Structures are given as structure tokens and as C-alpha cells.
$ cat my_file22.pdb   # PDB, C-alpha atoms
ATOM      1  CA  MET K   1      18.455  15.096   4.056
ATOM      2  CA  ALA K   2      15.157  13.860   2.700
ATOM      3  CA  THR K   3      14.621  17.035   0.701
ATOM      4  CA  ALA K   4      17.500  16.385  -1.659
ATOM      5  CA  GLU K   5      16.076  13.052  -2.835
ATOM      6  CA  HIS K   6      13.376  14.416  -5.143
ATOM      7  CA  LYS K   7      14.101  15.781  -8.560
ATOM      8  CA  HIS K   8      11.518  18.545  -8.804
ATOM      9  CA  PRO K   9       9.771  18.874 -12.164
ATOM     10  CA  SER K  10       8.673  22.255 -13.452
ATOM     11  CA  TYR K  11       5.470  22.691 -11.440
ATOM     12  CA  MET K  12       4.411  25.733 -13.457
ATOM     13  CA  ALA K  13       4.593  23.679 -16.674
ATOM     14  CA  ILE K  14       2.285  21.061 -15.099
ATOM     15  CA  PHE K  15      -0.039  23.881 -13.998
ATOM     16  CA  TRP K  16      -0.283  25.185 -17.574
ATOM     17  CA  TYR K  17      -0.905  21.668 -18.937
ATOM     18  CA  LEU K  18      -3.733  21.221 -16.412
ATOM     19  CA  ALA K  19      -5.215  24.641 -17.211
ATOM     20  CA  ILE K  20      -5.086  24.003 -20.986
ATOM     21  CA  LEU K  21      -6.640  20.530 -20.591
ATOM     22  CA  THR K  22      -9.468  22.068 -18.507
ATOM     23  CA  VAL K  23     -10.155  24.630 -21.234
ATOM     24  CA  LEU K  24     -10.115  21.790 -23.814
ATOM     25  CA  GLU K  25     -12.720  19.924 -21.731
ATOM     26  CA  LEU K  26     -14.978  22.978 -21.738
ATOM     27  CA  ILE K  27     -14.612  23.232 -25.532
ATOM     28  CA  VAL K  28     -15.323  19.508 -26.072
ATOM     29  CA  VAL K  29     -18.634  19.762 -24.154
ATOM     30  CA  PHE K  30     -20.005  22.116 -26.800
ATOM     31  CA  LEU K  31     -18.636  20.322 -29.877
ATOM     32  CA  PRO K  32     -21.366  18.877 -32.113
ATOM     33  CA  PHE K  33     -20.003  15.305 -31.900
ATOM     34  CA  PRO K  34     -22.128  12.269 -30.986
ATOM     35  CA  LYS K  35     -22.511  11.886 -27.196
ATOM     36  CA  LEU K  36     -20.275   8.788 -27.101
ATOM     37  CA  THR K  37     -17.390  10.514 -28.941
ATOM     38  CA  ASN K  38     -17.713  13.526 -26.633
ATOM     39  CA  ASN K  39     -17.678  11.379 -23.507
ATOM     40  CA  LEU K  40     -14.696   9.321 -24.695
ATOM     41  CA  LEU K  41     -12.772  12.553 -25.339
ATOM     42  CA  LEU K  42     -13.775  13.978 -21.945
ATOM     43  CA  GLY K  43     -12.831  10.728 -20.195
ATOM     44  CA  ALA K  44      -9.420  10.689 -21.879
ATOM     45  CA  LEU K  45      -8.804  14.348 -20.921
ATOM     46  CA  ALA K  46      -9.820  13.685 -17.283
ATOM     47  CA  VAL K  47      -7.559  10.625 -17.001
ATOM     48  CA  THR K  48      -4.664  12.627 -18.492
ATOM     49  CA  LYS K  49      -5.210  15.427 -15.945
ATOM     50  CA  ALA K  50      -5.457  12.951 -13.055
ATOM     51  CA  ALA K  51      -2.270  11.201 -14.259
ATOM     52  CA  LEU K  52      -0.400  14.548 -14.394
ATOM     53  CA  VAL K  53      -1.454  15.350 -10.809
ATOM     54  CA  ALA K  54      -0.486  11.870  -9.527
ATOM     55  CA  MET K  55       2.805  11.608 -11.453
ATOM     56  CA  TYR K  56       4.208  15.077 -10.800
ATOM     57  CA  PHE K  57       2.370  16.779  -7.899
ATOM     58  CA  MET K  58       2.184  13.541  -5.884
ATOM     59  CA  HIS K  59       5.714  12.604  -7.082
ATOM     60  CA  LEU K  60       4.578   9.124  -8.121
ATOM     61  CA  ARG K  61       7.000   9.258 -11.048
ATOM     62  CA  PHE K  62       9.902   9.455  -8.649
ATOM     63  CA  GLU K  63       8.687   6.755  -6.254
ATOM     64  CA  ALA K  64       9.201   2.980  -6.246
ATOM     65  CA  LYS K  65       7.330   1.325  -9.118
ATOM     66  CA  THR K  66       5.414  -0.931  -6.709
ATOM     67  CA  LEU K  67       3.856   2.148  -5.069
ATOM     68  CA  GLY K  68       2.607   3.170  -8.514
ATOM     69  CA  TRP K  69       0.944  -0.220  -8.994
ATOM     70  CA  ILE K  70      -0.695   0.089  -5.570
ATOM     71  CA  ALA K  71      -1.915   3.576  -6.501
ATOM     72  CA  VAL K  72      -3.632   2.488  -9.748
ATOM     73  CA  THR K  73      -5.436  -0.462  -8.114
ATOM     74  CA  PRO K  74      -8.566   1.610  -7.266
ATOM     75  CA  LEU K  75      -8.821   2.690 -10.922
ATOM     76  CA  ALA K  76      -8.833  -0.972 -12.002
ATOM     77  CA  ILE K  77     -11.430  -1.834  -9.346
ATOM     78  CA  ALA K  78     -13.690   1.083 -10.363
ATOM     79  CA  THR K  79     -13.415   0.116 -14.055
ATOM     80  CA  LEU K  80     -14.278  -3.498 -13.191
ATOM     81  CA  LEU K  81     -17.223  -2.292 -11.128
ATOM     82  CA  VAL K  82     -18.600  -0.395 -14.145
ATOM     83  CA  PHE K  83     -18.577  -3.633 -16.172
ATOM     84  CA  VAL K  84     -20.159  -5.530 -13.268
ATOM     85  CA  LEU K  85     -22.981  -2.970 -13.106
ATOM     86  CA  LEU K  86     -23.505  -2.596 -16.880
ATOM     87  CA  PRO K  87     -25.503  -5.850 -17.474
ATOM     88  CA  ASP K  88     -27.823  -4.908 -14.607
ATOM     89  CA  GLY K  89     -28.254  -1.443 -16.073
ATOM     90  CA  PHE K  90     -29.065  -2.756 -19.543
ATOM     91  CA  ALA K  91     -31.509  -5.313 -18.070
ATOM     92  CA  VAL K  92     -33.439  -2.533 -16.332
ATOM     93  CA  LEU K  93     -33.441  -0.439 -19.518
ATOM     94  CA  LYS K  94     -34.779  -3.400 -21.550
ATOM     95  CA  LYS K  95     -37.477  -4.030 -18.946
ATOM     96  CA  THR K  96     -38.655  -0.420 -19.026
ATOM     97  CA  ASP K  97     -38.657  -0.527 -22.856
ATOM     98  CA  THR K  98     -40.873  -3.650 -23.050
ATOM     99  CA  THR K  99     -43.290  -2.395 -20.406
ATOM    100  CA  GLN K 100     -43.666   0.927 -22.186
ATOM    101  CA  GLN K 101     -44.011  -0.445 -25.738
ATOM    102  CA  PRO K 102     -47.411  -2.204 -25.528
ATOM    103  CA  ALA K 103     -48.904   0.815 -23.816
ATOM    104  CA  ALA K 104     -47.626   3.062 -26.613
ATOM    105  CA  THR K 105     -48.536   0.893 -29.603
ATOM    106  CA  ALA K 106     -51.836  -0.639 -28.555
ATOM    107  CA  PRO K 107     -53.478   1.351 -25.794
ATOM    108  CA  ALA K 108     -57.005   0.278 -26.886
ATOM    109  CA  LYS K 109     -56.522  -3.358 -25.878
ATOM    110  CA  HIS K 110     -56.227  -2.482 -22.192
TER     111      HIS K 110
ATOM    112  CA  MET M   1      15.307 -15.009  21.674
ATOM    113  CA  SER M   2      17.110 -15.845  18.487
ATOM    114  CA  ALA M   3      13.919 -15.697  16.380
ATOM    115  CA  ALA M   4      13.290 -12.092  17.430
ATOM    116  CA  THR M   5      16.887 -11.139  16.712
ATOM    117  CA  VAL M   6      16.737 -12.617  13.235
ATOM    118  CA  HIS M   7      13.426 -10.844  12.576
ATOM    119  CA  SER M   8      14.664  -7.384  13.549
ATOM    120  CA  ALA M   9      17.847  -7.895  11.603
ATOM    121  CA  VAL M  10      16.012  -8.917   8.429
ATOM    122  CA  GLU M  11      13.287  -6.284   8.587
ATOM    123  CA  PRO M  12      14.546  -2.898   7.366
ATOM    124  CA  ALA M  13      14.125   0.042   9.702
ATOM    125  CA  GLU M  14      12.100   2.032   7.164
ATOM    126  CA  ALA M  15       9.457   1.068   4.597
ATOM    127  CA  PRO M  16      11.231  -0.051   1.428
ATOM    128  CA  LEU M  17       8.456   1.485  -0.710
ATOM    129  CA  THR M  18       8.793   4.936   0.856
ATOM    130  CA  PRO M  19      12.266   5.117   2.410
ATOM    131  CA  GLU M  20      11.621   8.633   3.776
ATOM    132  CA  SER M  21       8.957   7.636   6.287
ATOM    133  CA  TRP M  22       6.333   5.065   7.223
ATOM    134  CA  GLY M  23       3.841   7.915   7.389
ATOM    135  CA  LYS M  24       4.057   8.427   3.646
ATOM    136  CA  LEU M  25       3.226   4.780   2.995
ATOM    137  CA  GLY M  26       0.409   5.105   5.527
ATOM    138  CA  MET M  27      -1.050   8.086   3.644
ATOM    139  CA  TRP M  28      -0.817   6.219   0.327
ATOM    140  CA  VAL M  29      -2.665   3.242   1.806
ATOM    141  CA  PHE M  30      -5.350   5.577   3.183
ATOM    142  CA  LEU M  31      -5.665   7.333  -0.186
ATOM    143  CA  VAL M  32      -5.991   4.028  -2.048
ATOM    144  CA  GLY M  33      -8.875   3.104   0.274
ATOM    145  CA  ASP M  34     -10.439   6.532  -0.172
ATOM    146  CA  ALA M  35     -10.038   6.257  -3.955
ATOM    147  CA  ILE M  36     -11.951   2.957  -3.880
ATOM    148  CA  GLY M  37     -14.709   4.805  -1.996
ATOM    149  CA  PHE M  38     -14.889   7.572  -4.615
ATOM    150  CA  GLY M  39     -14.523   5.051  -7.453
ATOM    151  CA  THR M  40     -17.485   3.092  -6.115
ATOM    152  CA  LEU M  41     -19.568   6.279  -5.785
ATOM    153  CA  LEU M  42     -18.814   7.302  -9.375
ATOM    154  CA  ALA M  43     -19.374   3.800 -10.792
ATOM    155  CA  GLY M  44     -22.678   3.650  -8.885
ATOM    156  CA  TYR M  45     -23.557   7.077 -10.270
ATOM    157  CA  GLY M  46     -22.921   5.799 -13.799
ATOM    158  CA  ALA M  47     -25.122   2.740 -13.233
ATOM    159  CA  MET M  48     -27.986   4.818 -11.775
ATOM    160  CA  ARG M  49     -27.762   7.300 -14.624
ATOM    161  CA  LEU M  50     -27.828   4.537 -17.221
ATOM    162  CA  THR M  51     -30.874   2.856 -15.688
ATOM    163  CA  SER M  52     -32.879   6.085 -15.404
ATOM    164  CA  GLY M  53     -34.490   7.016 -18.703
ATOM    165  CA  ASP M  54     -35.251  10.606 -17.690
ATOM    166  CA  TRP M  55     -31.813  11.684 -16.429
ATOM    167  CA  PRO M  56     -31.520  15.484 -16.805
ATOM    168  CA  ASN M  57     -28.709  17.007 -18.856
ATOM    169  CA  PRO M  58     -26.202  17.835 -16.058
ATOM    170  CA  TYR M  59     -24.431  20.821 -17.599
ATOM    171  CA  ALA M  60     -27.721  22.385 -18.642
ATOM    172  CA  VAL M  61     -29.227  22.030 -15.142
ATOM    173  CA  LEU M  62     -26.162  22.536 -12.927
ATOM    174  CA  GLY M  63     -24.290  25.069 -15.068
ATOM    175  CA  ILE M  64     -20.540  24.696 -15.509
ATOM    176  CA  ASN M  65     -19.224  28.270 -15.354
ATOM    177  CA  LEU M  66     -18.906  28.353 -11.569
ATOM    178  CA  THR M  67     -17.639  24.762 -11.327
ATOM    179  CA  ALA M  68     -15.043  25.391 -14.053
ATOM    180  CA  LEU M  69     -13.813  28.287 -11.903
ATOM    181  CA  MET M  70     -13.782  25.962  -8.847
ATOM    182  CA  THR M  71     -11.766  23.392 -10.837
ATOM    183  CA  PHE M  72      -9.245  26.069 -11.771
ATOM    184  CA  LEU M  73      -9.075  27.189  -8.137
ATOM    185  CA  LEU M  74      -8.235  23.658  -6.927
ATOM    186  CA  ILE M  75      -5.534  23.306  -9.606
ATOM    187  CA  CYS M  76      -4.049  26.637  -8.404
ATOM    188  CA  SER M  77      -4.155  25.439  -4.788
ATOM    189  CA  SER M  78      -2.307  22.278  -5.814
ATOM    190  CA  VAL M  79       0.421  24.469  -7.316
ATOM    191  CA  THR M  80       0.719  26.563  -4.138
ATOM    192  CA  MET M  81       0.933  23.284  -2.188
ATOM    193  CA  VAL M  82       3.912  21.975  -4.208
ATOM    194  CA  LYS M  83       5.511  25.432  -4.076
ATOM    195  CA  GLY M  84       5.173  25.399  -0.278
ATOM    196  CA  LEU M  85       6.917  22.036  -0.105
ATOM    197  CA  GLU M  86       9.599  23.257  -2.511
ATOM    198  CA  TRP M  87      10.340  26.313  -0.337
ATOM    199  CA  LEU M  88      10.493  24.106   2.760
ATOM    200  CA  GLY M  89      13.002  21.902   0.924
ATOM    201  CA  LYS M  90      15.094  25.009   0.196
ATOM    202  CA  GLY M  91      14.991  25.860   3.894
ATOM    203  CA  ASP M  92      12.710  28.921   3.662
ATOM    204  CA  ARG M  93      10.108  28.296   6.372
ATOM    205  CA  THR M  94       8.405  31.702   6.053
ATOM    206  CA  ARG M  95       7.696  31.275   2.329
ATOM    207  CA  ALA M  96       6.593  27.672   2.929
ATOM    208  CA  VAL M  97       4.060  28.801   5.547
ATOM    209  CA  GLN M  98       2.843  31.555   3.189
ATOM    210  CA  TYR M  99       2.216  29.076   0.377
ATOM    211  CA  LEU M 100       0.504  26.615   2.737
ATOM    212  CA  PHE M 101      -1.739  29.479   3.822
ATOM    213  CA  PHE M 102      -2.618  30.296   0.186
ATOM    214  CA  THR M 103      -3.444  26.614  -0.303
ATOM    215  CA  ALA M 104      -5.781  26.625   2.716
ATOM    216  CA  LEU M 105      -7.333  29.862   1.437
ATOM    217  CA  GLY M 106      -7.953  28.256  -1.983
ATOM    218  CA  GLY M 107      -9.633  25.309  -0.278
ATOM    219  CA  ALA M 108     -11.776  27.598   1.894
ATOM    220  CA  ILE M 109     -12.904  29.604  -1.162
ATOM    221  CA  PHE M 110     -13.684  26.324  -2.969
ATOM    222  CA  VAL M 111     -15.948  25.122  -0.130
ATOM    223  CA  SER M 112     -17.612  28.567   0.058
ATOM    224  CA  LEU M 113     -18.335  28.507  -3.675
ATOM    225  CA  GLN M 114     -19.734  24.994  -3.314
ATOM    226  CA  ALA M 115     -22.016  26.180  -0.498
ATOM    227  CA  TYR M 116     -23.166  29.046  -2.769
ATOM    228  CA  GLU M 117     -23.764  26.594  -5.639
ATOM    229  CA  TRP M 118     -25.721  24.192  -3.410
ATOM    230  CA  SER M 119     -27.944  26.958  -1.978
ATOM    231  CA  HIS M 120     -28.575  28.284  -5.484
ATOM    232  CA  LEU M 121     -29.552  24.811  -6.792
ATOM    233  CA  ILE M 122     -31.702  24.030  -3.730
ATOM    234  CA  HIS M 123     -33.477  27.352  -4.297
ATOM    235  CA  ARG M 124     -34.174  26.282  -7.908
ATOM    236  CA  GLY M 125     -35.732  23.019  -6.675
ATOM    237  CA  LEU M 126     -32.880  20.478  -6.647
ATOM    238  CA  HIS M 127     -33.352  18.343  -3.540
ATOM    239  CA  ILE M 128     -31.948  15.034  -2.348
ATOM    240  CA  ASN M 129     -35.354  13.364  -2.855
ATOM    241  CA  GLN M 130     -36.881  15.336  -5.736
ATOM    242  CA  ASN M 131     -36.178  17.781  -8.544
ATOM    243  CA  PRO M 132     -38.213  19.428 -11.307
ATOM    244  CA  TRP M 133     -36.065  18.107 -14.200
ATOM    245  CA  GLY M 134     -36.400  14.305 -14.084
ATOM    246  CA  ALA M 135     -34.913  11.318 -12.262
ATOM    247  CA  THR M 136     -34.997  11.675  -8.463
ATOM    248  CA  LEU M 137     -31.600   9.983  -8.207
ATOM    249  CA  PHE M 138     -30.067  12.954 -10.064
ATOM    250  CA  GLY M 139     -30.328  15.095  -6.920
ATOM    251  CA  THR M 140     -29.482  12.209  -4.591
ATOM    252  CA  SER M 141     -26.226  11.348  -6.373
ATOM    253  CA  PHE M 142     -25.319  15.011  -6.911
ATOM    254  CA  PHE M 143     -25.492  15.898  -3.214
ATOM    255  CA  LEU M 144     -23.928  12.609  -2.124
ATOM    256  CA  VAL M 145     -20.845  12.780  -4.366
ATOM    257  CA  THR M 146     -20.173  16.542  -4.274
ATOM    258  CA  GLY M 147     -20.916  16.542  -0.524
ATOM    259  CA  PHE M 148     -18.467  13.701   0.115
ATOM    260  CA  HIS M 149     -15.822  15.588  -1.853
ATOM    261  CA  GLY M 150     -16.655  18.888  -0.127
ATOM    262  CA  LEU M 151     -16.143  17.191   3.249
ATOM    263  CA  HIS M 152     -12.704  16.051   2.057
ATOM    264  CA  VAL M 153     -11.819  19.638   1.098
ATOM    265  CA  THR M 154     -13.076  20.912   4.483
ATOM    266  CA  GLY M 155     -10.979  18.252   6.239
ATOM    267  CA  GLY M 156      -8.034  19.266   4.050
ATOM    268  CA  VAL M 157      -8.324  22.930   5.058
ATOM    269  CA  ILE M 158      -8.303  21.938   8.760
ATOM    270  CA  TYR M 159      -5.319  19.612   8.083
ATOM    271  CA  LEU M 160      -3.490  22.481   6.293
ATOM    272  CA  LEU M 161      -4.096  24.923   9.151
ATOM    273  CA  ALA M 162      -2.834  22.349  11.671
ATOM    274  CA  MET M 163       0.292  21.772   9.563
ATOM    275  CA  ILE M 164       0.986  25.502   9.251
ATOM    276  CA  ARG M 165       1.211  25.504  13.056
ATOM    277  CA  TYR M 166       3.376  22.370  12.919
ATOM    278  CA  VAL M 167       5.865  23.989  10.520
ATOM    279  CA  ALA M 168       5.844  27.296  12.430
ATOM    280  CA  ASN M 169       6.681  25.486  15.677
ATOM    281  CA  ARG M 170       9.753  23.722  14.269
ATOM    282  CA  PRO M 171      12.816  25.910  13.696
ATOM    283  CA  ASP M 172      14.516  23.298  11.483
ATOM    284  CA  PRO M 173      12.721  23.154   8.088
ATOM    285  CA  ALA M 174      13.977  19.586   7.495
ATOM    286  CA  ALA M 175      12.088  18.445  10.612
ATOM    287  CA  SER M 176       8.695  19.140   9.022
ATOM    288  CA  TYR M 177       9.490  18.284   5.379
ATOM    289  CA  ASN M 178       8.150  14.706   5.453
ATOM    290  CA  ALA M 179       4.971  15.728   7.268
ATOM    291  CA  VAL M 180       4.266  18.479   4.709
ATOM    292  CA  GLU M 181       4.928  16.094   1.821
ATOM    293  CA  ILE M 182       2.347  13.694   3.311
ATOM    294  CA  LEU M 183      -0.106  16.606   3.656
ATOM    295  CA  GLY M 184       0.556  17.397  -0.017
ATOM    296  CA  LEU M 185      -0.364  13.849  -1.034
ATOM    297  CA  TYR M 186      -3.784  14.257   0.614
ATOM    298  CA  TRP M 187      -4.368  17.688  -0.915
ATOM    299  CA  HIS M 188      -3.427  16.642  -4.472
ATOM    300  CA  PHE M 189      -5.629  13.567  -4.111
ATOM    301  CA  VAL M 190      -8.602  15.833  -3.313
ATOM    302  CA  ASP M 191      -7.757  17.832  -6.467
ATOM    303  CA  LEU M 192      -7.481  14.606  -8.504
ATOM    304  CA  VAL M 193     -10.894  13.399  -7.287
ATOM    305  CA  TRP M 194     -12.478  16.740  -8.215
ATOM    306  CA  ILE M 195     -11.074  16.409 -11.753
ATOM    307  CA  MET M 196     -13.015  13.115 -12.000
ATOM    308  CA  VAL M 197     -16.175  14.413 -10.296
ATOM    309  CA  PHE M 198     -16.222  17.536 -12.501
ATOM    310  CA  THR M 199     -15.904  15.444 -15.662
ATOM    311  CA  PHE M 200     -18.371  12.656 -14.822
ATOM    312  CA  MET M 201     -21.022  14.656 -12.929
ATOM    313  CA  TYR M 202     -20.981  17.995 -14.757
ATOM    314  CA  LEU M 203     -19.572  17.523 -18.261
ATOM    315  CA  PHE M 204     -20.775  13.998 -19.246
TER     316      PHE M 204
END

$ encode --input "my_file22.pdb" --output "C-alpha cells"
Amino acid sequence: MATAEHKHPSYMAIFWYLAILTVLELIVVFLPFPKLTNNLLLGALAVTKAALVAMYFMHLRFEAKTLGWIAVTPLAIATLLVFVLLPDGFAVLKKTDTTQQPAATAPAKH
Amino acid sequence: MSAATVHSAVEPAEAPLTPESWGKLGMWVFLVGDAIGFGTLLAGYGAMRLTSGDWPNPYAVLGINLTALMTFLLICSSVTMVKGLEWLGKGDRTRAVQYLFFTALGGAIFVSLQAYEWSHLIHRGLHINQNPWGATLFGTSFFLVTGFHGLHVTGGVIYLLAMIRYVANRPDPAASYNAVEILGLYWHFVDLVWIMVFTFMYLF
């Protein structure tokens, strides 16, 4: 029978891990760290939670390894996409900076 | 012909990646595609936020108390989902149906809370094309991403209700086990996406 094939992990333990990580996220938001440190911590917590859900609730840990590689492909694509979009983002930021600067420093010349 | 005979003899009867059923592999392929959709939305959100100088502070504007509760609710519904599958595996169809019902209920409450949150924010001036706090794209991306996710939850609740009927109509619990496991994959994926949306759109 198909049901006997899965070794079931302790689902309640995973639930408590997820609940504790959520509470940690809510604490991190209000910590007086620099924004970048905060966001790195939050990102790490979110990825850990997502990994717990995929590995244990979606049984990915007990599946063929190839299925796991297929499952993480979107994460790689999304990460790549961020780096593809970053130069464009910085270019726009730079442009808005240079257009605002002359107006702020020497308004009389206009 | 001999070519056809060789082909059917070489090809295994079931997917080697998911020996239980082809349906499971099908759901994984669908979810990978859906994850690319959500990944693109979130990456696009990040790019828009970075290029807008006057992006409002999300947790100050949106508030995170209600959404933290919604996050907790989805985690709970994921637990009831795996418990439902576990009971079905043990052969207890009644308990399995009960847990699937609790899962659907959790999803329905989640969507209701989201509707409440949306109406509250719209009342305060957050619209898809304007808002009183800064960048216009803040409202656009908020409604687009949370709406797309909310539609997934709504679809999931309908899927759950249909599967409750499916399990109830089959006297042998083993006959519906694979189908419920596939349903579980979809439901946990919706939970997983919310974990990401909550972090990037509310907490960042």
C-alpha cells in the first residue's frame, strides 16, 4: 500500500518550529539593527520556514533527490531575476539623484 | 511493431520520480510553474520598491498584528492537512474528513480576514492607483501579490471541499490516499508562498 512508504516525521514538532520562527520574525522587525541586518535575518528566517514546510509537510525529504532539485529551480530563477533587475533599479535611483541635486543645491540658476 | 514493443517495455509503468502516481509528479510540475509566477511577482516587487524613493514603511502602514495571526492560521491549517493525510493512511476515513474540513475552515477564515484587511486599508485610502503615504506602486503591488495569493487560497478551499466529497465517496481509505497527498502538496505550497509574501511585503 502506498501509505506505508512514508516515514512520518513529528508534525507537531514542525508546527512548533514554525510557530517559534514566526514569533522570532516579529521580534526581529522591532530590533534596533540596521535595515540590512534586519532584512538578512528576516530573509534567513523565511527561507528556513519555507524549507521546513517543503521538506516535512510536502515530504520532499523522503522523495527522490531529483524531485528536490526540480522543486528548488524556481528559487534559483527568482534569485537570478533579482540580480538581473538590480542594475536597472540602481540606474533609476542614480538618475533621480542627479536630477534632484541641481535643483536642491542651486535653485537660483534656473 | 517491434519499435512500439521495445518502447513500452523500456518505459516504466509509473513515474520514476514519484512511484506512487503520475498525478503527484503532475502537481509538482504545476507547483514549480506557479512558484516561478510568485517568484517573478516578488522579484518585481523588490525592483519597484528599490526604484521608488518614497516607498512607505510597510509594517507601519499595513499593520502586522492581523497578518501575523493569518500566518499562524495558515501554519495551523497545514498541520490539520498533514494530520488528515496521516489518519487516512491509518485507515480512519472519518477523522481524515474531519481534519480536511478543519483545513478548509482555516483557509476560509484566512480569506475572510484578508477581505476584512483589504476593506479596512481601502477605507484608509490604499488603492491600486493611489495612496496617501507615497509611491503609487505600493498599493498596486500590494493588491496584486496578496490578491494572487488570496485567489490561490480560495481555489484551495474549493479543492479541499471537493476532495472531502471524494474521500467520503470511497469506502476504501487507500483508494483516496494518493489524491489527498496531492491536495496536501498544493495546500502546503500556498502556506509556503504566504511565508514569503508575509516576510517580503509586510516585514521588510

$ atom_distance --input "my_file22.pdb" --atom1 "atom CA of K:Ala46" --atom2 "atom CA of M:Pro132"
29.6 Å

$ atom_distance --input "my_file22.pdb" --atom1 "atom CA of K:Pro74" --atom2 "atom CA of M:Phe189"
12.7 Å

$ closest_residue --input "my_file22.pdb" --among "M:Ile36, M:Leu105, M:Ala135, M:Val153" --to "M:Leu50" --atoms "all atoms listed in the file"
M:Ala135

$ atom_distance --input "my_file22.pdb" --atom1 "atom CA of M:Tyr159" --atom2 "atom CA of M:Ile75"
18.1 Å

$ residues_around --input "my_file22.pdb" --residues "K:Ala76" --least-positions-apart "4" --cutoff "12 Å" --atoms "only C-alpha atoms" --output "short mmCIF file (atom, residue, chain, number, x, y, z; two decimals) with C-alpha atoms, keeping the file's coordinate frame"
data_model
loop_
_atom_site.label_atom_id
_atom_site.label_comp_id
_atom_site.auth_asym_id
_atom_site.auth_seq_id
_atom_site.Cartn_x
_atom_site.Cartn_y
_atom_site.Cartn_z
CA TRP K 69 0.94 -0.22 -8.99
CA ILE K 70 -0.70 0.09 -5.57
CA ALA K 71 -1.92 3.58 -6.50
CA VAL K 72 -3.63 2.49 -9.75
CA LEU K 80 -14.28 -3.50 -13.19
CA LEU K 81 -17.22 -2.29 -11.13
CA VAL K 82 -18.60 -0.40 -14.14
CA PHE K 83 -18.58 -3.63 -16.17
CA VAL M 32 -5.99 4.03 -2.05
CA ALA M 35 -10.04 6.26 -3.96
CA ILE M 36 -11.95 2.96 -3.88
CA GLY M 39 -14.52 5.05 -7.45
CA THR M 40 -17.48 3.09 -6.12
CA ALA M 43 -19.37 3.80 -10.79
#

$ closest_residue --input "my_file22.pdb" --among "M:Pro171, M:Gly63, M:Gly44, M:Gly155" --to "chain K" --atoms "all atoms listed in the file"
M:Gly44

$ closest_atom_pairs --input "my_file22.pdb" --of "stretch 42-88 of chain M" --to "stretch 50-53 of chain K" --cutoff "12 Å" --atoms "only C-alpha atoms" --output "JSON lines"
{"residue": "M:Leu74", "atom": "CA", "partner": "K:Val53", "partner_atom": "CA", "distance": 11.4}
{"residue": "M:Ile75", "atom": "CA", "partner": "K:Val53", "partner_atom": "CA", "distance": 9.0}
{"residue": "M:Cys76", "atom": "CA", "partner": "K:Val53", "partner_atom": "CA", "distance": 11.8}
{"residue": "M:Ser78", "atom": "CA", "partner": "K:Val53", "partner_atom": "CA", "distance": 8.6}
{"residue": "M:Val79", "atom": "CA", "partner": "K:Val53", "partner_atom": "CA", "distance": 9.9}
{"residue": "M:Met81", "atom": "CA", "partner": "K:Val53", "partner_atom": "CA", "distance": 12.0}
{"residue": "M:Val82", "atom": "CA", "partner": "K:Val53", "partner_atom": "CA", "distance": 10.8}

$ residues_around --input "my_file22.pdb" --residues "M:Ile128" --least-positions-apart "5" --cutoff "7 Å" --atoms "all atoms listed in the file" --output "VMD selection string"
chain M and resid 139 to 140 143

$ write_last_selection --input "my_file22.pdb" --atoms "C-alpha atoms" --output "compact mmCIF listing (two decimals), in the frame of the given file"
# COMPACT_ATOMS: atom_id res chain seq x y z
CA GLY M 139 -30.33 15.10 -6.92
CA THR M 140 -29.48 12.21 -4.59
CA PHE M 143 -25.49 15.90 -3.21

$ closest_residue --input "my_file22.pdb" --among "K:Leu60, K:Gly68, K:Asn39, K:Leu45" --to "chain M" --atoms "only C-alpha atoms"
K:Asn39

$ resolve_selection --input "my_file22.pdb" --expression "the PyMOL selection byres ((chain K and resi 25) around 12)" --output "JSON, numbers by chain"
{"K": [18, 19, 20, 21, 22, 23, 24, 26, 27, 28, 29, 30, 31, 38, 39, 40, 41, 42, 43, 44, 45, 46, 47, 48, 49], "M": [64, 68, 71, 195, 196, 198, 199, 200, 202, 203, 204]}

$ residues_around --input "my_file22.pdb" --residues "M:His149" --least-positions-apart "6" --cutoff "9 Å" --atoms "only C-alpha atoms" --output "ChimeraX atom specification"
/M:38,190,193-194,197

$ decode --input "my_file22.pdb" --residues "stretch 46-60 of chain M" --atoms "N, CA and C atoms" --output "short mmCIF file (atom, residue, chain, number, x, y, z; two decimals), in the first residue's frame"
data_model
loop_
_atom_site.label_atom_id
_atom_site.label_comp_id
_atom_site.auth_asym_id
_atom_site.auth_seq_id
_atom_site.Cartn_x
_atom_site.Cartn_y
_atom_site.Cartn_z
N GLY M 46 10.37 43.75 -5.45
CA GLY M 46 11.64 44.25 -4.90
C GLY M 46 12.23 45.33 -5.79
N ALA M 47 12.20 45.11 -7.11
CA ALA M 47 12.77 46.07 -8.05
C ALA M 47 12.00 47.39 -8.01
N MET M 48 10.66 47.29 -7.97
CA MET M 48 9.83 48.51 -7.94
C MET M 48 10.06 49.29 -6.65
N ARG M 49 10.20 48.54 -5.56
CA ARG M 49 10.40 49.19 -4.26
C ARG M 49 11.74 49.92 -4.22
N LEU M 50 12.75 49.27 -4.81
CA LEU M 50 14.10 49.84 -4.82
C LEU M 50 14.17 51.11 -5.66
N THR M 51 13.39 51.14 -6.75
CA THR M 51 13.47 52.28 -7.67
C THR M 51 12.54 53.42 -7.28
N SER M 52 11.69 53.18 -6.25
CA SER M 52 10.82 54.26 -5.79
C SER M 52 11.42 54.86 -4.52
N GLY M 53 11.75 56.12 -4.56
CA GLY M 53 12.38 56.76 -3.40
C GLY M 53 11.44 56.92 -2.23
N ASP M 54 10.14 57.05 -2.50
CA ASP M 54 9.19 57.37 -1.43
C ASP M 54 8.32 56.17 -1.05
N TRP M 55 8.96 54.97 -1.01
CA TRP M 55 8.19 53.76 -0.65
C TRP M 55 7.80 53.84 0.82
N PRO M 56 6.50 53.69 1.14
CA PRO M 56 6.09 53.75 2.55
C PRO M 56 6.65 52.57 3.36
N ASN M 57 6.72 52.76 4.67
CA ASN M 57 7.16 51.68 5.55
C ASN M 57 6.01 50.66 5.68
N PRO M 58 6.17 49.45 5.08
CA PRO M 58 5.01 48.54 5.01
C PRO M 58 4.39 48.21 6.36
N TYR M 59 5.23 47.84 7.37
CA TYR M 59 4.57 47.39 8.61
C TYR M 59 3.94 48.52 9.38
N ALA M 60 4.39 49.77 9.10
CA ALA M 60 3.74 50.91 9.75
C ALA M 60 2.39 51.20 9.10
#
